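Structure file coords09.txt with compact mmCIF, C-alpha atoms:
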# COMPACT_ATOMS: atom_id res chain seq x y z
CA MET A 1 0.00 0.00 0.00
CA THR A 2 1.47 3.36 -1.08
CA PHE A 3 0.20 6.82 -0.15
CA HIS A 4 0.56 9.62 -2.68
CA ARG A 5 -0.67 13.21 -2.63
CA ARG A 6 -3.24 12.36 -5.28
CA GLY A 7 -4.30 8.93 -4.10
CA LEU A 8 -3.87 5.56 -2.43
CA GLU A 9 -2.24 2.77 -4.42
CA ILE A 10 -2.91 -0.82 -3.35
CA GLY A 11 -0.93 -3.66 -4.75
CA PRO A 12 0.48 -4.83 -7.00
CA PHE A 13 -1.79 -7.87 -7.30
CA ASN A 14 -1.60 -10.77 -9.67
CA LEU A 15 -5.02 -11.51 -11.12
CA PHE A 16 -5.26 -14.32 -13.69
CA GLY A 17 -1.66 -13.69 -14.67
CA LEU A 18 -2.08 -9.91 -14.93
CA GLU A 19 -0.38 -7.51 -12.55
CA ILE A 20 -2.69 -4.73 -11.42
CA ASN A 21 -2.10 -1.67 -9.24
CA PRO A 22 -5.49 -0.21 -8.31
CA THR A 23 -5.32 3.46 -7.31
CA PHE A 24 -8.02 5.22 -5.35
CA HIS A 25 -7.78 8.96 -5.90
CA TRP A 26 -8.28 11.16 -2.85
CA TYR A 27 -10.53 13.45 -4.87
CA GLY A 28 -12.95 10.63 -5.60
CA LEU A 29 -12.80 9.28 -2.06
CA ILE A 30 -13.50 12.72 -0.61
CA ILE A 31 -16.44 13.26 -2.98
CA VAL A 32 -17.88 9.87 -2.00
CA GLY A 33 -17.40 10.78 1.66
CA GLY A 34 -19.35 14.00 1.14
CA ILE A 35 -22.18 12.17 -0.62
CA LEU A 36 -22.43 9.59 2.16
CA ALA A 37 -22.36 12.25 4.89
CA ALA A 38 -25.19 14.17 3.19
CA ALA A 39 -27.19 10.96 2.69
CA MET A 40 -26.76 9.99 6.35
CA LEU A 41 -27.99 13.41 7.46
CA VAL A 42 -31.09 13.14 5.25
CA SER A 43 -31.70 9.63 6.59
CA TRP A 44 -31.43 10.94 10.17
CA MET A 45 -33.87 13.74 9.36
CA ALA A 46 -36.30 11.30 7.72
CA ARG A 47 -36.41 9.22 10.91
CA ARG A 48 -37.74 12.29 12.71
CA GLU A 49 -40.68 12.53 10.31
CA LYS A 50 -43.67 10.20 10.67
CA ASP A 51 -44.37 10.07 6.94
CA LYS A 52 -40.80 9.56 5.71
CA ASN A 53 -39.04 6.19 5.37
CA PRO A 54 -35.25 6.64 5.63
CA GLU A 55 -34.73 3.55 3.42
CA HIS A 56 -35.77 5.69 0.47
CA VAL A 57 -32.61 7.73 0.96
CA TRP A 58 -30.37 4.79 0.14
CA ASP A 59 -32.68 3.33 -2.51
CA GLY A 60 -32.87 6.67 -4.32
CA LEU A 61 -29.20 7.60 -3.91
CA ILE A 62 -28.17 5.85 -7.14
CA TRP A 63 -30.73 7.94 -9.07
CA VAL A 64 -29.46 11.13 -7.48
CA VAL A 65 -25.74 10.42 -7.93
CA ALA A 66 -26.05 9.09 -11.49
CA LEU A 67 -27.95 12.11 -12.78
CA ALA A 68 -25.79 14.48 -10.72
CA VAL A 69 -22.63 13.20 -12.44
CA ILE A 70 -24.24 13.29 -15.90
CA PHE A 71 -25.50 16.85 -15.51
CA ALA A 72 -22.30 18.02 -13.79
CA ARG A 73 -20.32 16.89 -16.82
CA LEU A 74 -22.88 18.22 -19.28
CA TRP A 75 -22.70 21.66 -17.69
CA HIS A 76 -18.92 21.66 -18.07
CA VAL A 77 -19.20 20.53 -21.70
CA LEU A 78 -21.63 23.35 -22.51
CA PHE A 79 -19.81 25.94 -20.37
CA PRO A 80 -16.13 24.94 -20.23
CA SER A 81 -13.70 26.82 -18.00
CA ILE A 82 -11.05 29.22 -19.27
CA SER A 83 -8.28 26.62 -18.96
CA SER A 84 -10.29 24.12 -21.04
CA VAL A 85 -10.97 26.74 -23.69
CA GLU A 86 -7.30 27.78 -23.77
CA ALA A 87 -6.41 24.10 -24.25
CA GLY A 88 -8.75 23.99 -27.26
CA ARG A 89 -11.59 22.17 -25.49
CA THR A 90 -14.45 24.54 -26.24
CA ALA A 91 -18.09 23.52 -26.15
CA GLU A 92 -17.96 23.02 -29.90
CA TRP A 93 -14.87 20.81 -29.55
CA TYR A 94 -16.55 18.64 -26.91
CA LEU A 95 -19.67 18.22 -29.01
CA THR A 96 -17.70 17.32 -32.13
CA HIS A 97 -15.30 14.91 -30.36
CA PRO A 98 -17.69 12.65 -28.43
CA PHE A 99 -15.41 9.61 -28.66
CA ASP A 100 -12.10 11.25 -27.78
CA LEU A 101 -10.65 8.86 -25.18
CA HIS A 102 -8.28 11.39 -23.65
CA ASP A 103 -10.28 14.56 -22.98
CA GLY A 104 -13.67 13.86 -24.57
CA PRO A 105 -17.04 14.67 -22.98
CA PHE A 106 -17.43 11.17 -21.51
CA ILE A 107 -13.97 11.11 -19.88
CA ILE A 108 -15.04 12.63 -16.58
CA TRP A 109 -11.84 11.64 -14.78
CA SER A 110 -9.90 14.06 -16.99
CA GLY A 111 -11.51 16.90 -15.02
CA GLY A 112 -14.55 19.09 -15.45
CA LEU A 113 -17.58 18.60 -13.20
CA SER A 114 -19.80 21.55 -12.32
CA ILE A 115 -21.64 21.91 -9.02
CA PHE A 116 -24.49 23.72 -10.79
CA GLY A 117 -25.07 20.76 -13.08
CA ALA A 118 -24.66 18.36 -10.17
CA VAL A 119 -27.35 20.11 -8.12
CA ILE A 120 -29.77 20.23 -11.07
CA GLY A 121 -29.15 16.59 -11.95
CA GLY A 122 -29.34 15.43 -8.34
CA ALA A 123 -32.62 17.28 -7.80
CA LEU A 124 -34.02 15.77 -11.01
CA GLY A 125 -32.97 12.29 -9.85
CA ALA A 126 -34.70 12.82 -6.49
CA VAL A 127 -37.89 14.03 -8.19
CA LEU A 128 -37.96 11.11 -10.63
CA TYR A 129 -37.45 8.61 -7.82
CA ALA A 130 -40.13 10.30 -5.72
CA ARG A 131 -42.63 10.25 -8.60
CA LYS A 132 -41.91 6.60 -9.31
CA HIS A 133 -42.63 5.69 -5.69
CA ARG A 134 -45.38 8.29 -5.16
CA LEU A 135 -43.47 10.17 -2.50
CA ASP A 136 -43.61 13.78 -1.35
CA ALA A 137 -40.92 15.11 -3.72
CA LEU A 138 -40.88 18.65 -2.32
CA GLY A 139 -40.59 17.42 1.26
CA TRP A 140 -37.63 15.24 0.35
CA LEU A 141 -35.99 18.07 -1.59
CA ASP A 142 -36.30 20.29 1.47
CA MET A 143 -34.40 17.76 3.58
CA ALA A 144 -31.81 17.34 0.83
CA ALA A 145 -31.38 21.12 0.71
CA VAL A 146 -30.30 21.03 4.36
CA ALA A 147 -27.81 18.21 3.77
CA VAL A 148 -26.33 19.16 0.38
CA PRO A 149 -24.18 21.98 1.84
CA LEU A 150 -22.59 19.41 4.17
CA GLY A 151 -21.67 17.24 1.19
CA GLN A 152 -20.29 20.29 -0.61
CA ALA A 153 -18.28 21.36 2.43
CA ILE A 154 -16.58 17.96 2.53
CA GLY A 155 -16.27 17.58 -1.23
CA ARG A 156 -14.48 20.91 -1.63
CA TRP A 157 -11.44 19.45 0.13
CA GLY A 158 -10.97 17.32 -2.96
CA ASN A 159 -10.10 20.60 -4.68
CA TYR A 160 -7.37 21.13 -2.10
CA VAL A 161 -5.86 17.73 -2.89
CA ASN A 162 -5.93 18.52 -6.61
CA GLU A 163 -4.57 22.04 -6.02
CA GLU A 164 -7.52 23.66 -7.75
CA LEU A 165 -10.27 26.15 -6.93
CA TYR A 166 -7.90 28.84 -5.73
CA GLY A 167 -8.32 32.56 -6.19
CA LYS A 168 -6.24 35.62 -6.89
CA PRO A 169 -2.89 36.20 -5.16
CA THR A 170 -3.02 37.31 -1.53
CA ASP A 171 -0.65 38.29 1.27
CA LEU A 172 -3.02 36.96 3.92
CA PRO A 173 -1.42 34.42 6.29
CA TRP A 174 -3.79 31.65 5.17
CA GLY A 175 -2.86 32.10 1.52
CA LEU A 176 -2.40 28.82 -0.35
CA HIS A 177 0.85 27.75 -1.98
CA ILE A 178 0.47 25.97 -5.35
CA SER A 179 3.18 23.59 -6.55
CA ASN A 180 2.60 24.54 -10.21
CA PRO A 181 1.12 28.05 -10.26
CA PRO A 182 -0.03 29.62 -13.55
CA PRO A 183 2.97 30.87 -15.55
CA GLU A 184 2.08 34.52 -15.03
CA TYR A 185 2.67 34.15 -11.27
CA ALA A 186 6.04 33.72 -9.60
CA PRO A 187 6.83 30.53 -7.65
CA GLY A 188 5.97 30.99 -3.99
CA THR A 189 2.96 33.17 -4.72
CA ARG A 190 0.11 32.55 -2.30
CA PHE A 191 -3.50 32.42 -3.48
CA HIS A 192 -6.90 32.77 -1.84
CA PRO A 193 -8.08 29.26 -0.80
CA LEU A 194 -11.55 29.54 -2.32
CA PHE A 195 -12.26 25.89 -1.56
CA LEU A 196 -11.77 26.67 2.15
CA TYR A 197 -14.00 29.76 2.07
CA GLU A 198 -16.79 27.82 0.39
CA SER A 199 -16.34 24.83 2.68
CA LEU A 200 -16.64 26.95 5.82
CA TRP A 201 -19.66 28.82 4.43
CA ASN A 202 -21.40 25.55 3.62
CA LEU A 203 -20.71 24.12 7.07
CA ALA A 204 -22.27 27.22 8.60
CA ALA A 205 -25.20 26.97 6.17
CA THR A 206 -25.78 23.34 7.18
CA ALA A 207 -25.82 24.28 10.86
CA VAL A 208 -28.25 27.17 10.33
CA LEU A 209 -30.58 25.26 8.00
CA LEU A 210 -30.63 22.22 10.29
CA PHE A 211 -31.44 24.41 13.30
CA VAL A 212 -34.30 26.07 11.42
CA TRP A 213 -35.55 22.69 10.17
CA LEU A 214 -35.57 21.20 13.67
CA ARG A 215 -37.25 24.20 15.32
CA TYR A 216 -39.46 25.83 12.71
CA ARG A 217 -40.17 23.46 9.81
CA ASN A 218 -43.84 23.19 10.76
CA ARG A 219 -44.22 26.96 10.39
CA LEU A 220 -42.72 27.03 6.90
CA LYS A 221 -44.03 25.95 3.53
CA LYS A 222 -42.77 22.97 1.58
CA GLY A 223 -40.03 24.13 -0.73
CA ASP A 224 -38.81 26.93 1.57
CA PHE A 225 -35.62 25.07 2.49
CA LEU A 226 -34.85 24.52 -1.17
CA LEU A 227 -35.18 28.27 -1.68
CA PHE A 228 -33.04 28.95 1.41
CA TYR A 229 -30.32 26.77 -0.10
CA MET A 230 -30.51 28.65 -3.39
CA VAL A 231 -30.06 31.95 -1.56
CA SER A 232 -27.19 30.62 0.55
CA TYR A 233 -25.13 28.95 -2.15
CA GLY A 234 -25.96 31.55 -4.78
CA THR A 235 -24.69 34.30 -2.48
CA VAL A 236 -21.36 32.70 -1.60
CA ARG A 237 -20.69 31.61 -5.17
CA PHE A 238 -21.51 35.08 -6.53
CA LEU A 239 -19.07 36.70 -4.10
CA LEU A 240 -16.27 34.17 -4.56
CA GLU A 241 -16.38 34.57 -8.34
CA PHE A 242 -14.84 38.03 -7.86
CA LEU A 243 -11.72 36.30 -6.49
CA ARG A 244 -11.66 33.31 -8.79
CA ILE A 245 -9.04 32.93 -11.53
CA GLU A 246 -10.49 29.86 -13.24
CA VAL A 247 -13.85 31.24 -14.38
CA THR A 248 -16.35 30.19 -17.03
CA LEU A 249 -17.13 32.80 -19.68
CA ALA A 250 -19.81 32.95 -22.35
CA GLY A 251 -19.92 36.06 -24.47
CA GLY A 252 -17.66 37.77 -21.96
CA VAL A 253 -20.07 37.06 -19.10
CA ASN A 254 -19.07 35.02 -16.05
CA VAL A 255 -21.62 32.20 -16.35
CA SER A 256 -21.29 30.97 -12.77
CA GLN A 257 -21.68 34.46 -11.35
CA ALA A 258 -24.67 35.23 -13.55
CA VAL A 259 -26.39 31.96 -12.64
CA SER A 260 -25.67 32.56 -8.94
CA ALA A 261 -27.20 36.04 -9.07
CA ALA A 262 -30.26 34.67 -10.87
CA MET A 263 -30.61 31.92 -8.22
CA VAL A 264 -30.59 34.41 -5.38
CA ILE A 265 -33.00 36.86 -7.01
CA LEU A 266 -35.46 34.13 -8.04
CA ALA A 267 -35.37 32.42 -4.62
CA VAL A 268 -35.84 35.68 -2.70
CA LEU A 269 -38.77 36.72 -4.90
CA LEU A 270 -40.41 33.32 -4.47
CA LEU A 271 -39.95 33.43 -0.69
CA LEU A 272 -41.47 36.90 -0.52
CA TYR A 273 -44.37 35.84 -2.71
CA ARG A 274 -45.03 32.64 -0.76
CA HIS A 275 -45.02 34.48 2.58
CA ARG A 276 -46.59 37.75 1.44
CA ALA A 277 -49.65 37.30 3.65
CA ALA A 278 -47.55 36.90 6.83
CA LEU A 279 -45.36 39.85 5.84
CA LEU A 280 -48.39 42.06 5.27
CA ARG A 281 -49.83 41.14 8.66
CA ARG A 282 -46.61 42.12 10.39
CA ALA A 283 -46.44 45.37 8.43

For the file at hand, write its structure as structure tokens.
Amino acid sequence: MTFHRRGLEIGPFNLFGLEINPTFHWYGLIIVGGILAAAMLVSWMARREKDKNPEHVWDGLIWVVALAVIFARLWHVLFPSISSVEAGRTAEWYLTHPFDLHDGPFIIWSGGLSIFGAVIGGALGAVLYARKHRLDALGWLDMAAVAVPLGQAIGRWGNYVNEELYGKPTDLPWGLHISNPPPEYAPGTRFHPLFLYESLWNLAATAVLLFVWLRYRNRLKKGDFLLFYMVSYGTVRFLLEFLRIEVTLAGGVNVSQAVSAAMVILAVLLLLYRHRAALLRRA
């Protein structure tokens, strides 16, 4: 067994005359850990509800994860990052090279998974599973909205292992050193650890949302926690995009920042509309 910065290598093994050295990448292991932590939290929440069976969490997880990965990759294919575009992998290139076995659209381990696509795909998977089994889809999405930030908080540490998701240079003491910084920056330059900022924000969001769910869920409408999540993640992502180097542009517009702003505005308007009667009474 050998430990590397990027993964854990077990072996070698001899299998039917073939020598194999399976490697488990830390990035993948951390992502799986985040998914399991979020699923366990939803399962724990379901046990506190009389009309929710926690077994559905584990039965539906394959639907959620499968569609989350598909949509996460699809988002990257349609809106590739600057580094992908500079390497020649534009959206047009991805769509015209579907069977490229090195960097093609199906080669997800070459890099390029978007959290926006993952959230959309995961939500779609949850809804499809709920409809198939005649479950309360919105109620389950509310519980997932509380737990997803926990999974994101853990998963972002995979970016640390891969030395990605860092921001502009900084002199702050917690600045991150990169072993192979972009050529325009001198060796030893420290960068904003955006993965850390987002991870801490998401941990705080999980704590706040879980507290509200435990104390006040009966006073809120179904779907409110989903909207709370949209406000929370949309806000932090919008702000962090100002510091990010590796952005996604379309027509000169930062796609991630624009989508984040739209998420926040839409969610806030829906919350105000859904609770307009209570707000008017207090006014």

Spatial neighbours of A:Tyr129, 9 Å, all atoms listed in the file, chain gap at least 3 places, as a PyMOL selection string: chain A and resi 56+59-60+63-64+124-126+132-135+137

Please report as CSV every residue of stretch 118-150 of chain A lying within 10 Å of stretch 214-230 of chain A, along with the nearest atom pair and their distance in Å (one decimal), using only C-alpha atoms.
residue,atom,partner,partner_atom,distance
A:Asp136,CA,A:Lys222,CA,9.7
A:Ala137,CA,A:Gly223,CA,9.5
A:Leu138,CA,A:Gly223,CA,5.8
A:Gly139,CA,A:Lys222,CA,6.0
A:Trp140,CA,A:Gly223,CA,9.3
A:Leu141,CA,A:Leu226,CA,6.6
A:Asp142,CA,A:Phe225,CA,4.9
A:Met143,CA,A:Phe225,CA,7.5
A:Ala144,CA,A:Leu226,CA,8.0
A:Ala145,CA,A:Leu226,CA,5.2
A:Val146,CA,A:Phe225,CA,6.9
A:Ala147,CA,A:Tyr229,CA,9.7
A:Val148,CA,A:Tyr229,CA,8.6
A:Pro149,CA,A:Tyr229,CA,8.0

Near-A:Leu61 list (12 Å; only C-alpha atoms; drop same-chain fewer than 3 positions) as a ChimeraX atom specification: /A:32,35-36,38-40,42-43,54-58,64-68,122-130,144

I'd like a table as JSON lines: residues in stretch 36-153 of chain A with an atom no more than 12 Å from stretch 249-268 of chain A, each row giving the shortest atom pair and its distance in Å to one decimal, all atoms listed in the file counted, sorted by chain and rising residue number.
{"residue": "A:Trp75", "atom": "CA", "partner": "A:Ser256", "partner_atom": "CA", "distance": 10.6}
{"residue": "A:His76", "atom": "CA", "partner": "A:Ser256", "partner_atom": "CA", "distance": 11.0}
{"residue": "A:Leu78", "atom": "CA", "partner": "A:Ala250", "partner_atom": "CA", "distance": 9.8}
{"residue": "A:Phe79", "atom": "CA", "partner": "A:Ala250", "partner_atom": "CA", "distance": 7.3}
{"residue": "A:Pro80", "atom": "CA", "partner": "A:Leu249", "partner_atom": "CA", "distance": 7.9}
{"residue": "A:Ser81", "atom": "CA", "partner": "A:Leu249", "partner_atom": "CA", "distance": 7.1}
{"residue": "A:Ile82", "atom": "CA", "partner": "A:Leu249", "partner_atom": "CA", "distance": 7.1}
{"residue": "A:Ser83", "atom": "CA", "partner": "A:Leu249", "partner_atom": "CA", "distance": 10.8}
{"residue": "A:Ser84", "atom": "CA", "partner": "A:Leu249", "partner_atom": "CA", "distance": 11.1}
{"residue": "A:Val85", "atom": "CA", "partner": "A:Leu249", "partner_atom": "CA", "distance": 9.5}
{"residue": "A:Glu86", "atom": "CA", "partner": "A:Leu249", "partner_atom": "CA", "distance": 11.8}
{"residue": "A:Thr90", "atom": "CA", "partner": "A:Ala250", "partner_atom": "CA", "distance": 10.7}
{"residue": "A:Ala91", "atom": "CA", "partner": "A:Ala250", "partner_atom": "CA", "distance": 10.3}
{"residue": "A:Ser114", "atom": "CA", "partner": "A:Ser256", "partner_atom": "CA", "distance": 9.5}
{"residue": "A:Ile115", "atom": "CA", "partner": "A:Ser256", "partner_atom": "CA", "distance": 9.8}
{"residue": "A:Phe116", "atom": "CA", "partner": "A:Ser256", "partner_atom": "CA", "distance": 8.2}
{"residue": "A:Gly117", "atom": "CA", "partner": "A:Ser256", "partner_atom": "CA", "distance": 10.9}

Give as a PDB file with C-alpha atoms, in the frame of the given file every residue, naming chains and numbers as the document does, that has an atom within 6 Å of (-20.7, 15.4, -0.8), counting all atoms listed in the file.
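Below you can see point-v3.pdb, which holds the result:
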ATOM      1  CA  ILE A  31     -16.440  13.260  -2.980  1.00  0.00           C
ATOM      2  CA  GLY A  34     -19.350  14.000   1.140  1.00  0.00           C
ATOM      3  CA  ILE A  35     -22.180  12.170  -0.620  1.00  0.00           C
ATOM      4  CA  GLY A 151     -21.670  17.240   1.190  1.00  0.00           C
ATOM      5  CA  GLN A 152     -20.290  20.290  -0.610  1.00  0.00           C
ATOM      6  CA  ILE A 154     -16.580  17.960   2.530  1.00  0.00           C
ATOM      7  CA  GLY A 155     -16.270  17.580  -1.230  1.00  0.00           C
TER       8      GLY A 155
END

Might you pull out every residue within 8 Å of stretch 101-107 of chain A, with all atoms listed in the file counted and same-chain residues fewer than 6 positions away left off, and present them as a short mmCIF file (atom, residue, chain, number, x, y, z; two decimals) with C-alpha atoms, in the frame of the given file?
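Written file, result-v5.cif:
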data_model
loop_
_atom_site.label_atom_id
_atom_site.label_comp_id
_atom_site.auth_asym_id
_atom_site.auth_seq_id
_atom_site.Cartn_x
_atom_site.Cartn_y
_atom_site.Cartn_z
CA ARG A 73 -20.32 16.89 -16.82
CA LEU A 74 -22.88 18.22 -19.28
CA VAL A 77 -19.20 20.53 -21.70
CA TYR A 94 -16.55 18.64 -26.91
CA LEU A 95 -19.67 18.22 -29.01
#

Sphere at (-14.5, 29.7, -8.1), radius 6 Å, counting only C-alpha atoms: residues as a PyMOL selection string: chain A and resi 165+240-241+244

Between atom CA of A:Leu209 and atom CA of A:Tyr166, distance in Å (one decimal): 26.8 Å

Spatial neighbours of A:Asp171, 10 Å, all atoms listed in the file, chain gap at least 5 places, as a PyMOL selection string: chain A and resi 176+189-192

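The spacing separating atom CA of A:Ile120 from atom CA of A:Leu194 amounts to 22.3 Å.
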
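Going from atom CA of A:Leu41 to atom CA of A:Leu150 covers 8.7 Å.
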
Long-range neighbours of A:Leu203 as number ranges by chain, 7 Å cut-off, all atoms listed in the file, 2 positions minimum in chain: A: 149-150, 153, 199-201, 205-207

Can you sort out stretch 235-259 of chain A so it carries N, CA and C atoms, written as a short mmCIF file (atom, residue, chain, number, x, y, z; two decimals), in the frame of the given file?
data_model
loop_
_atom_site.label_atom_id
_atom_site.label_comp_id
_atom_site.auth_asym_id
_atom_site.auth_seq_id
_atom_site.Cartn_x
_atom_site.Cartn_y
_atom_site.Cartn_z
N THR A 235 -25.38 33.13 -3.04
CA THR A 235 -24.69 34.30 -2.48
C THR A 235 -23.19 34.07 -2.38
N VAL A 236 -22.80 32.94 -1.78
CA VAL A 236 -21.36 32.70 -1.60
C VAL A 236 -20.67 32.50 -2.94
N ARG A 237 -21.32 31.83 -3.87
CA ARG A 237 -20.69 31.61 -5.17
C ARG A 237 -20.55 32.92 -5.94
N PHE A 238 -21.57 33.78 -5.87
CA PHE A 238 -21.51 35.08 -6.53
C PHE A 238 -20.33 35.89 -6.01
N LEU A 239 -20.15 35.91 -4.70
CA LEU A 239 -19.07 36.70 -4.10
C LEU A 239 -17.70 36.12 -4.41
N LEU A 240 -17.57 34.80 -4.33
CA LEU A 240 -16.27 34.17 -4.56
C LEU A 240 -15.82 34.28 -6.02
N GLU A 241 -16.76 34.44 -6.93
CA GLU A 241 -16.38 34.57 -8.34
C GLU A 241 -15.54 35.82 -8.59
N PHE A 242 -15.67 36.84 -7.71
CA PHE A 242 -14.84 38.03 -7.86
C PHE A 242 -13.36 37.71 -7.61
N LEU A 243 -13.10 36.66 -6.82
CA LEU A 243 -11.72 36.30 -6.49
C LEU A 243 -11.18 35.18 -7.36
N ARG A 244 -12.05 34.52 -8.09
CA ARG A 244 -11.66 33.31 -8.79
C ARG A 244 -10.85 33.61 -10.06
N ILE A 245 -9.83 32.82 -10.31
CA ILE A 245 -9.04 32.93 -11.53
C ILE A 245 -9.63 32.07 -12.64
N GLU A 246 -9.97 30.84 -12.29
CA GLU A 246 -10.49 29.86 -13.24
C GLU A 246 -12.01 30.03 -13.37
N VAL A 247 -12.43 30.96 -14.23
CA VAL A 247 -13.85 31.24 -14.38
C VAL A 247 -14.38 30.64 -15.69
N THR A 248 -15.69 30.67 -15.82
CA THR A 248 -16.35 30.19 -17.03
C THR A 248 -17.02 31.37 -17.71
N LEU A 249 -16.62 31.65 -18.95
CA LEU A 249 -17.13 32.80 -19.68
C LEU A 249 -17.95 32.37 -20.88
N ALA A 250 -19.00 33.13 -21.14
CA ALA A 250 -19.81 32.95 -22.35
C ALA A 250 -20.20 34.33 -22.83
N GLY A 251 -19.67 34.72 -23.97
CA GLY A 251 -19.92 36.06 -24.47
C GLY A 251 -19.36 37.14 -23.56
N GLY A 252 -18.26 36.81 -22.87
CA GLY A 252 -17.66 37.77 -21.96
C GLY A 252 -18.31 37.85 -20.60
N VAL A 253 -19.35 37.05 -20.38
CA VAL A 253 -20.07 37.06 -19.10
C VAL A 253 -19.64 35.86 -18.26
N ASN A 254 -19.39 36.09 -16.98
CA ASN A 254 -19.07 35.02 -16.05
C ASN A 254 -20.34 34.20 -15.82
N VAL A 255 -20.40 33.01 -16.40
CA VAL A 255 -21.62 32.20 -16.35
C VAL A 255 -21.99 31.84 -14.92
N SER A 256 -21.01 31.39 -14.14
CA SER A 256 -21.29 30.97 -12.77
C SER A 256 -21.81 32.12 -11.93
N GLN A 257 -21.24 33.30 -12.13
CA GLN A 257 -21.68 34.46 -11.35
C GLN A 257 -23.08 34.90 -11.76
N ALA A 258 -23.35 34.85 -13.07
CA ALA A 258 -24.67 35.23 -13.55
C ALA A 258 -25.74 34.26 -13.06
N VAL A 259 -25.43 32.97 -13.12
CA VAL A 259 -26.39 31.96 -12.64
C VAL A 259 -26.61 32.11 -11.14
#
